[in-house]
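Undergrad: For reference, this is protein_37.cif, and it has mmCIF, C-alpha atoms.
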data_structure
loop_
_atom_site.label_atom_id
_atom_site.label_comp_id
_atom_site.auth_asym_id
_atom_site.auth_seq_id
_atom_site.Cartn_x
_atom_site.Cartn_y
_atom_site.Cartn_z
CA MET A 1217 0.00 0.00 0.00
CA ALA A 1218 1.21 3.49 -0.90
CA ASP A 1219 0.68 4.83 2.62
CA GLU A 1220 2.71 2.04 4.28
CA PHE A 1221 6.13 2.81 5.70
CA VAL A 1222 7.08 -0.87 6.07
CA HIS A 1223 6.37 -3.64 3.56
CA TYR A 1224 6.52 -7.43 3.79
CA GLN A 1225 6.88 -10.16 1.20
CA ALA A 1226 7.84 -13.80 1.44
CA GLY A 1227 9.25 -16.30 -1.01
CA GLY A 1228 11.83 -19.07 -1.17
CA GLY A 1229 11.91 -19.37 2.61
CA VAL A 1230 12.87 -15.71 3.08
CA GLY A 1231 10.60 -13.07 4.59
CA THR A 1232 11.74 -9.60 3.52
CA ILE A 1233 10.74 -6.58 5.60
CA THR A 1234 11.44 -3.31 3.81
CA LEU A 1235 11.63 0.11 5.47
CA ASP A 1236 10.06 2.51 2.98
CA SER A 1237 9.98 5.99 4.47
CA PRO A 1238 12.68 7.74 2.42
CA HIS A 1239 11.20 11.20 2.98
CA ASN A 1240 12.64 11.15 6.53
CA ARG A 1241 15.53 8.75 5.84
CA ASN A 1242 13.59 5.82 7.28
CA ALA A 1243 13.61 7.45 10.71
CA LEU A 1244 11.85 5.56 13.50
CA SER A 1245 8.61 7.50 13.48
CA ALA A 1246 5.58 6.25 15.38
CA GLN A 1247 4.07 4.86 12.17
CA LEU A 1248 7.27 3.10 11.13
CA ARG A 1249 7.75 1.58 14.58
CA ARG A 1250 4.16 0.35 14.66
CA GLU A 1251 4.37 -1.18 11.18
CA LEU A 1252 7.81 -2.70 11.74
CA THR A 1253 6.48 -4.46 14.83
CA ALA A 1254 3.52 -5.79 12.85
CA ARG A 1255 5.67 -7.00 9.93
CA LEU A 1256 8.05 -8.78 12.31
CA ASP A 1257 5.04 -10.48 13.90
CA THR A 1258 3.88 -11.59 10.44
CA ALA A 1259 7.30 -12.97 9.49
CA LEU A 1260 7.66 -14.83 12.78
CA ALA A 1261 4.22 -16.39 12.38
CA ASP A 1262 4.76 -17.34 8.72
CA ASP A 1263 5.63 -21.05 8.66
CA THR A 1264 7.04 -20.74 5.12
CA VAL A 1265 9.67 -18.25 6.30
CA ARG A 1266 12.98 -19.59 7.56
CA VAL A 1267 15.05 -16.40 7.47
CA ILE A 1268 14.05 -12.73 7.87
CA VAL A 1269 15.79 -9.95 5.94
CA LEU A 1270 15.55 -6.29 6.96
CA ASP A 1271 15.90 -4.18 3.82
CA HIS A 1272 15.20 -0.55 2.92
CA THR A 1273 14.37 1.83 0.10
CA GLY A 1274 16.12 5.14 -0.45
CA PRO A 1275 19.75 6.01 0.26
CA VAL A 1276 19.60 5.56 4.07
CA PHE A 1277 18.92 2.35 6.00
CA CYS A 1278 17.67 4.12 9.13
CA ALA A 1279 18.47 7.55 10.59
CA GLY A 1280 17.41 6.67 14.13
CA MET A 1281 14.52 8.23 16.03
CA ASP A 1282 12.36 10.78 14.21
CA LEU A 1283 13.54 13.94 15.95
CA LYS A 1284 10.61 15.94 14.56
CA GLU A 1285 8.36 13.79 16.76
CA ALA A 1286 10.69 13.88 19.74
CA GLY A 1287 10.38 17.48 20.88
CA GLY A 1288 8.09 19.25 23.32
CA ALA A 1289 5.41 17.18 25.00
CA ASN A 1290 6.63 14.00 23.26
CA ALA A 1291 10.21 14.27 24.53
CA ASN A 1292 9.75 11.93 27.50
CA SER A 1293 7.69 9.29 25.72
CA GLN A 1294 9.17 9.08 22.22
CA GLY A 1295 9.56 5.34 21.56
CA VAL A 1296 10.23 4.55 25.22
CA ASN A 1297 8.26 1.32 25.08
CA GLU A 1298 8.03 0.58 21.36
CA PHE A 1299 11.68 0.75 20.35
CA PRO A 1300 13.08 -1.54 23.07
CA ALA A 1301 10.30 -3.99 22.19
CA ILE A 1302 11.40 -3.93 18.52
CA LEU A 1303 15.04 -4.55 19.42
CA THR A 1304 13.96 -7.40 21.71
CA GLN A 1305 11.74 -8.84 18.98
CA ILE A 1306 14.69 -8.97 16.58
CA TRP A 1307 17.25 -10.13 19.17
CA ASN A 1308 15.03 -12.95 20.46
CA SER A 1309 13.62 -14.00 17.09
CA PRO A 1310 13.84 -17.81 16.76
CA LYS A 1311 14.42 -17.23 13.05
CA PRO A 1312 17.75 -15.75 11.94
CA VAL A 1313 17.50 -12.07 11.01
CA VAL A 1314 19.78 -10.50 8.39
CA ALA A 1315 20.26 -6.74 7.99
CA LYS A 1316 20.88 -5.54 4.42
CA LEU A 1317 22.27 -2.01 4.25
CA ALA A 1318 22.74 -0.18 0.98
CA GLY A 1319 23.26 3.06 2.91
CA PRO A 1320 24.00 4.67 6.27
CA ALA A 1321 22.62 3.88 9.71
CA ARG A 1322 22.64 6.26 12.63
CA ALA A 1323 21.79 5.98 16.33
CA GLY A 1324 18.70 3.76 16.68
CA GLY A 1325 19.30 2.42 13.18
CA VAL A 1326 22.63 1.05 14.37
CA GLY A 1327 20.80 -0.52 17.30
CA ILE A 1328 18.63 -2.42 14.82
CA VAL A 1329 21.68 -3.56 12.85
CA ALA A 1330 23.30 -4.83 16.05
CA ALA A 1331 20.16 -6.73 17.07
CA CYS A 1332 20.28 -8.77 13.85
CA ASP A 1333 22.17 -12.05 13.69
CA ILE A 1334 23.93 -11.19 10.44
CA ALA A 1335 24.57 -7.71 9.05
CA VAL A 1336 25.87 -6.96 5.55
CA ALA A 1337 26.46 -3.49 4.14
CA ALA A 1338 27.60 -1.85 0.96
CA ARG A 1339 31.12 -0.54 1.37
CA THR A 1340 29.82 3.00 0.91
CA ALA A 1341 27.55 2.77 4.00
CA THR A 1342 28.52 4.76 7.07
CA PHE A 1343 27.64 4.58 10.76
CA ALA A 1344 27.66 6.88 13.78
CA PHE A 1345 26.42 7.06 17.35
CA THR A 1346 25.38 10.70 17.14
CA GLU A 1347 23.45 10.89 20.43
CA VAL A 1348 26.05 12.76 22.50
CA ARG A 1349 26.30 15.46 19.84
CA ILE A 1350 22.68 16.44 20.46
CA GLY A 1351 22.97 16.10 24.21
CA VAL A 1352 21.41 12.68 24.71
CA VAL A 1353 22.74 9.23 25.61
CA PRO A 1354 22.83 6.09 23.40
CA ALA A 1355 21.26 4.18 26.26
CA VAL A 1356 18.62 1.92 24.72
CA ILE A 1357 20.71 0.84 21.74
CA SER A 1358 23.64 0.02 24.03
CA ILE A 1359 21.81 -3.17 25.01
CA THR A 1360 22.23 -4.63 21.51
CA VAL A 1361 25.31 -2.73 20.37
CA LEU A 1362 27.75 -3.28 23.23
CA PRO A 1363 27.73 -7.11 22.96
CA ARG A 1364 28.89 -6.64 19.35
CA LEU A 1365 31.56 -3.95 19.63
CA LEU A 1366 35.14 -4.27 20.80
CA PRO A 1367 35.33 -2.41 24.13
CA ARG A 1368 37.92 0.17 23.02
CA ALA A 1369 35.95 0.91 19.88
CA ALA A 1370 32.72 1.24 21.87
CA HIS A 1371 34.24 3.88 24.14
CA GLU A 1372 35.66 5.81 21.20
CA LEU A 1373 32.61 5.70 18.96
CA PHE A 1374 29.96 6.28 21.65
CA LEU A 1375 31.86 9.21 23.19
CA THR A 1376 33.01 10.98 20.03
CA GLY A 1377 30.01 10.43 17.77
CA GLU A 1378 32.48 10.07 14.92
CA THR A 1379 31.27 8.71 11.59
CA PHE A 1380 32.95 5.45 10.55
CA ASP A 1381 32.79 3.40 7.38
CA ALA A 1382 31.60 -0.12 6.67
CA ASP A 1383 35.07 -1.63 6.65
CA ARG A 1384 35.69 -0.32 10.16
CA ALA A 1385 32.23 -1.55 11.18
CA VAL A 1386 33.38 -5.06 10.21
CA ALA A 1387 36.66 -4.63 12.09
CA VAL A 1388 34.95 -3.58 15.35
CA GLY A 1389 32.27 -6.30 15.17
CA LEU A 1390 29.16 -4.38 14.07
CA LEU A 1391 28.98 -5.97 10.60
CA ASN A 1392 29.70 -9.42 9.24
CA ALA A 1393 30.62 -8.22 5.78
CA SER A 1394 31.25 -5.08 3.74
CA VAL A 1395 30.98 -5.51 -0.02
CA PRO A 1396 30.80 -3.38 -3.17
CA ALA A 1397 27.28 -2.03 -3.65
CA GLU A 1398 26.75 -4.14 -6.76
CA ASP A 1399 27.49 -7.31 -4.76
CA LEU A 1400 25.20 -6.57 -1.81
CA ALA A 1401 22.17 -8.56 -2.97
CA ALA A 1402 24.30 -11.58 -3.85
CA GLU A 1403 26.10 -11.52 -0.50
CA VAL A 1404 22.82 -11.33 1.43
CA ALA A 1405 21.44 -14.19 -0.69
CA ARG A 1406 24.57 -16.21 0.12
CA TYR A 1407 23.91 -15.80 3.85
CA THR A 1408 20.17 -16.51 3.63
CA GLY A 1409 20.89 -19.60 1.54
CA MET A 1410 23.27 -20.93 4.18
CA LEU A 1411 20.91 -20.11 7.05
CA ALA A 1412 18.02 -21.89 5.34
CA LEU A 1413 20.02 -25.14 5.36
CA GLY A 1414 19.81 -25.30 9.16
CA GLY A 1415 16.99 -27.11 10.95
CA PRO A 1416 14.50 -24.50 12.20
CA ASN A 1417 14.36 -25.90 15.73
CA ALA A 1418 18.12 -26.29 15.85
CA LEU A 1419 18.60 -22.70 14.67
CA ALA A 1420 16.22 -21.40 17.35
CA ALA A 1421 17.96 -23.40 20.07
CA THR A 1422 21.39 -22.32 18.85
CA LYS A 1423 20.27 -18.68 18.97
CA ARG A 1424 19.11 -19.12 22.57
CA MET A 1425 22.45 -20.71 23.45
CA LEU A 1426 24.38 -17.85 21.83
CA ARG A 1427 22.33 -15.28 23.78
CA ALA A 1428 22.83 -16.95 27.16
CA PRO A 1429 25.31 -15.46 29.66
CA ARG A 1430 28.71 -17.11 29.73
CA PRO A 1431 28.71 -19.92 32.34
CA THR A 1432 30.67 -19.70 35.57
CA ASP A 1433 30.01 -23.29 36.70
CA LEU A 1434 31.57 -25.49 34.01
CA ASP A 1435 30.22 -28.78 35.37
CA ALA A 1436 26.64 -27.48 35.34
CA ALA A 1437 27.16 -25.89 31.93
CA PHE A 1438 28.49 -29.10 30.36
CA ALA A 1439 25.60 -31.08 31.86
CA GLU A 1440 23.11 -28.61 30.40
CA MET A 1441 24.76 -28.65 26.96
CA LEU A 1442 24.99 -32.46 26.94
CA ALA A 1443 21.25 -32.63 27.61
CA LEU A 1444 20.58 -30.11 24.83
CA SER A 1445 22.79 -31.98 22.39
CA SER A 1446 21.38 -35.44 23.12
CA GLY A 1447 17.81 -34.11 22.95
CA PHE A 1448 18.40 -32.79 19.45
CA PHE A 1449 20.17 -35.95 18.28
CA ALA A 1450 17.07 -37.89 19.32
CA SER A 1451 14.55 -35.38 17.95
CA ALA A 1452 12.62 -35.85 14.70
CA GLU A 1453 14.54 -32.95 13.18
CA GLY A 1454 17.90 -34.37 14.22
CA GLN A 1455 17.05 -37.84 12.93
CA GLU A 1456 15.90 -36.38 9.60
CA GLY A 1457 19.16 -34.44 9.29
CA ILE A 1458 21.27 -37.51 10.05
CA LEU A 1459 19.27 -39.63 7.59
CA ALA A 1460 19.56 -36.97 4.89
CA PHE A 1461 23.33 -36.83 5.39
CA ALA A 1462 23.59 -40.62 5.08
CA GLN A 1463 21.39 -40.61 1.96
CA LYS A 1464 23.33 -37.70 0.42
CA ARG A 1465 20.24 -35.52 0.05
CA ARG A 1466 19.07 -32.23 1.47
CA PRO A 1467 16.93 -32.38 4.64
CA SER A 1468 13.17 -31.95 4.25
CA TRP A 1469 13.18 -28.52 5.89
CA VAL A 1470 15.28 -26.85 3.17
CA PRO A 1471 12.99 -24.47 1.23
CA GLY A 1472 12.10 -25.71 -2.22
CA ASP A 1473 13.10 -29.32 -1.49
#
Translate the structure of the given file into C-alpha cells.
TA:
Amino acid sequence: MADEFVHYQAGGGVGTITLDSPHNRNALSAQLRRELTARLDTALADDTVRVIVLDHTGPVFCAGMDLKEAGGANANSQGVNEFPAILTQIWNSPKPVVAKLAGPARAGGVGIVAACDIAVAARTATFAFTEVRIGVVPAVISITVLPRLLPRAAHELFLTGETFDADRAVAVGLLNASVPAEDLAAEVARYTGMLALGGPNALAATKRMLRAPRPTDLDAAFAEMLALSSGFFASAEGQEGILAFAQKRRPSWVPGD
C-alpha cells in the first residue's frame, strides 16, 4: 500500500521486511515503529519463512529516532516502550534475522543492525552514534550494540560520535561483511541460503544458546549442553538431518526441497 512505511513479502523461505519511508531517511517514526512491529510479527508467524531480511528503500537504511516527533510534549515518551520492544523482537527471534544495508545507519538504526544475527552493508555505507552530539545518551541501543563492539571501539565511537565506514564496522564487530554495492544482494542471498540449510528448531535453540550469559560453573554448563545436544540428536529434526546426510540428500526442511 502506498501509505505504508514498512512492507513485507515472502518467497523461497525468506521473509523480507522493507523500510520505505525515504522522505525522513527511514527514521523511526511512530508509524514506522508500529508497522515494523507488525511485519516482524507476520514474518515470525509465517511457517514458510525460515530467514528474515531487513531491507530498505532510499539512500539511508535508518536515521534513528524521528527527531521531529521527539520534541516538546513528546520528549519523554518518544519510543520509550516501542523501540526496546522492537530490538527485543529482533534479538530474540527464533528465526535468523539478516540486515541488508545499501546506505547509512545512525543511532537507533545502528541498534537495529546490532540486534540482527547477520549484518551486511555496501562498502559506501557509514555509521555513527550521534546521540552525544545532540545532548542525549545512546542508552537503549547500548543493550544490543555493546555485545557486538570491541570495548575500546565502543568507548571511542559512543563518546566521540564520529562517523565510521563499513570496513571499520566489520573490524569492530558491528557488521559481518562489507561488499561493493553491486554485490550486496548476492552476499545477502549467500547468507540466507546458508541459514536456510539449518533445521528450524536447531537454529532457534542455537540462537538461545548464543544469547545466554557465559557460564561460571563449568560442570553445570556441560551437563546442560549435553542434555541439549542429546535431545536434538534424538529429535525428529535431528534424525531427519542424520538420515539426509547418510542418503546424500538435502533435509526436508530446506525451502524448495
Undergrad: So which one's closest to Arg1266 in chain A, A:Leu1235, A:Ala1337, A:Ala1420, A:Leu1317? Using all atoms listed in the file, please.
TA: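 Between A:Leu1235, A:Ala1337, A:Ala1420, A:Leu1317, the residue approaching Arg1266 in chain A most closely is A:Ala1420.
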Undergrad: Given the file shown, enumerate the residues that the PyMOL selection byres ((chain A and resi 1417) around 10) captures and present them as a PyMOL selection string.
TA: chain A and resi 1310-1311+1414-1416+1418-1423+1448+1451+1453-1454
Undergrad: Applying the PyMOL selection byres ((chain A and resi 1256) around 10) to the file I just gave you, which residues come out? Please list them as an NGL selection string.
TA: :A and (1224 or 1231-1233 or 1251-1255 or 1257-1262 or 1268 or 1270 or 1302 or 1305-1306 or 1309)
Undergrad: Measure the distance from CA of Ala1393 in chain A to CA of Val1314 in chain A in Å and round it to one decimal.
TA: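 Going from CA of Ala1393 in chain A over to CA of Val1314 in chain A, I get 11.4 Å.
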Undergrad: Could you work out how far CA of Phe1299 in chain A lies from CA of Phe1343 in chain A, giving the answer in Å with one decimal?
TA: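 Calculated distance between CA of Phe1343 in chain A and CA of Phe1299 in chain A is 19.0 Å.
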Undergrad: Could you tell me how far CA of Arg1241 in chain A sits from CA of Gly1377 in chain A, in Å to one decimal place?
TA: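 Calculated distance between CA of Gly1377 in chain A and CA of Arg1241 in chain A is 18.8 Å.
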Undergrad: Written as a count of residues only, which residues does the PyMOL selection byres ((chain A and resi 1221) around 8) give for the file shown?
TA: 10
Undergrad: Distance cut-off 12 Å, centre (24.4, -4.7, -5.1) in file coordinates, counting all atoms listed in the file: which residues qualify? Return them as number ranges by chain.
TA: A: 1316-1319, 1336-1340, 1394-1405
Undergrad: Using only C-alpha atoms, which of the listed residues (A:Ser1245, A:Ser1358, A:Thr1264, A:Gln1463) sits closest to Asp1282 in chain A?
TA: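 Using only C-alpha atoms, the shortest distance to Asp1282 in chain A belongs to A:Ser1245.
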Undergrad: Find the residue from A:Ala1330, A:Pro1471, A:Ala1301, A:Glu1456 that sits nearest to Leu1365 in chain A; use all atoms listed in the file when measuring.
TA: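 Closest to Leu1365 in chain A, using all atoms listed in the file: A:Ala1330.
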Undergrad: Counting only C-alpha atoms, which of A:Val1348, A:Ala1382, A:Cys1278, A:Ile1458 gets nearest to Thr1234 in chain A?
TA: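 Between A:Val1348, A:Ala1382, A:Cys1278, A:Ile1458, the residue approaching Thr1234 in chain A most closely is A:Cys1278.
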Undergrad: For range 1340-1347 of chain A, take all atoms listed in the file, fit an axis-aligned box around them, add 5 Å to each of the six sides, then output centre and edge lengths in Å rounded to one decimal, as lines of an AutoDock Vina configuration file.
TA:
center_x = 26.6
center_y = 6.8
center_z = 10.7
size_x = 16.4
size_y = 18.1
size_z = 29.5
Undergrad: Looking at A:Ala1344, A:Ala1246, A:Leu1390, A:Leu1426, which one is nearest to Arg1322 in chain A, with distances taken over all atoms listed in the file?
TA: A:Ala1344
Undergrad: From the set A:Thr1360, A:Thr1379, A:Asn1308, A:Thr1408, which residue has the shortest atom-to-atom contact distance to Ile1334 in chain A, counting all atoms listed in the file?
TA: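 Nearest to Ile1334 in chain A: A:Thr1408.
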Undergrad: Counting all atoms listed in the file, which residues come within 10 Å of (12.1, -3.0, 21.4), with the point read in the file's coordinates, and could you list them as a list in words?
TA: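 Output: Arg1249, Thr1253, Gly1295, Val1296, Asn1297, Glu1298, Phe1299, Pro1300, Ala1301, Ile1302, Leu1303, Thr1304, Gln1305, Ile1306, Trp1307, Gly1327, Ile1328, Ala1331, Val1356 and Ile1357 of chain A.
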Undergrad: Might you pull out every residue within 10 Å of Gly1389 in chain A, with only C-alpha atoms counted and same-chain residues fewer than 3 positions away left off, and present them as a list in words?
TA: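 The filter keeps Ala1330, Ala1335, Val1361, Leu1362, Pro1363, Arg1364, Leu1365, Leu1366, Ala1369, Arg1384, Ala1385, Val1386, Asn1392 and Ala1393 of chain A.
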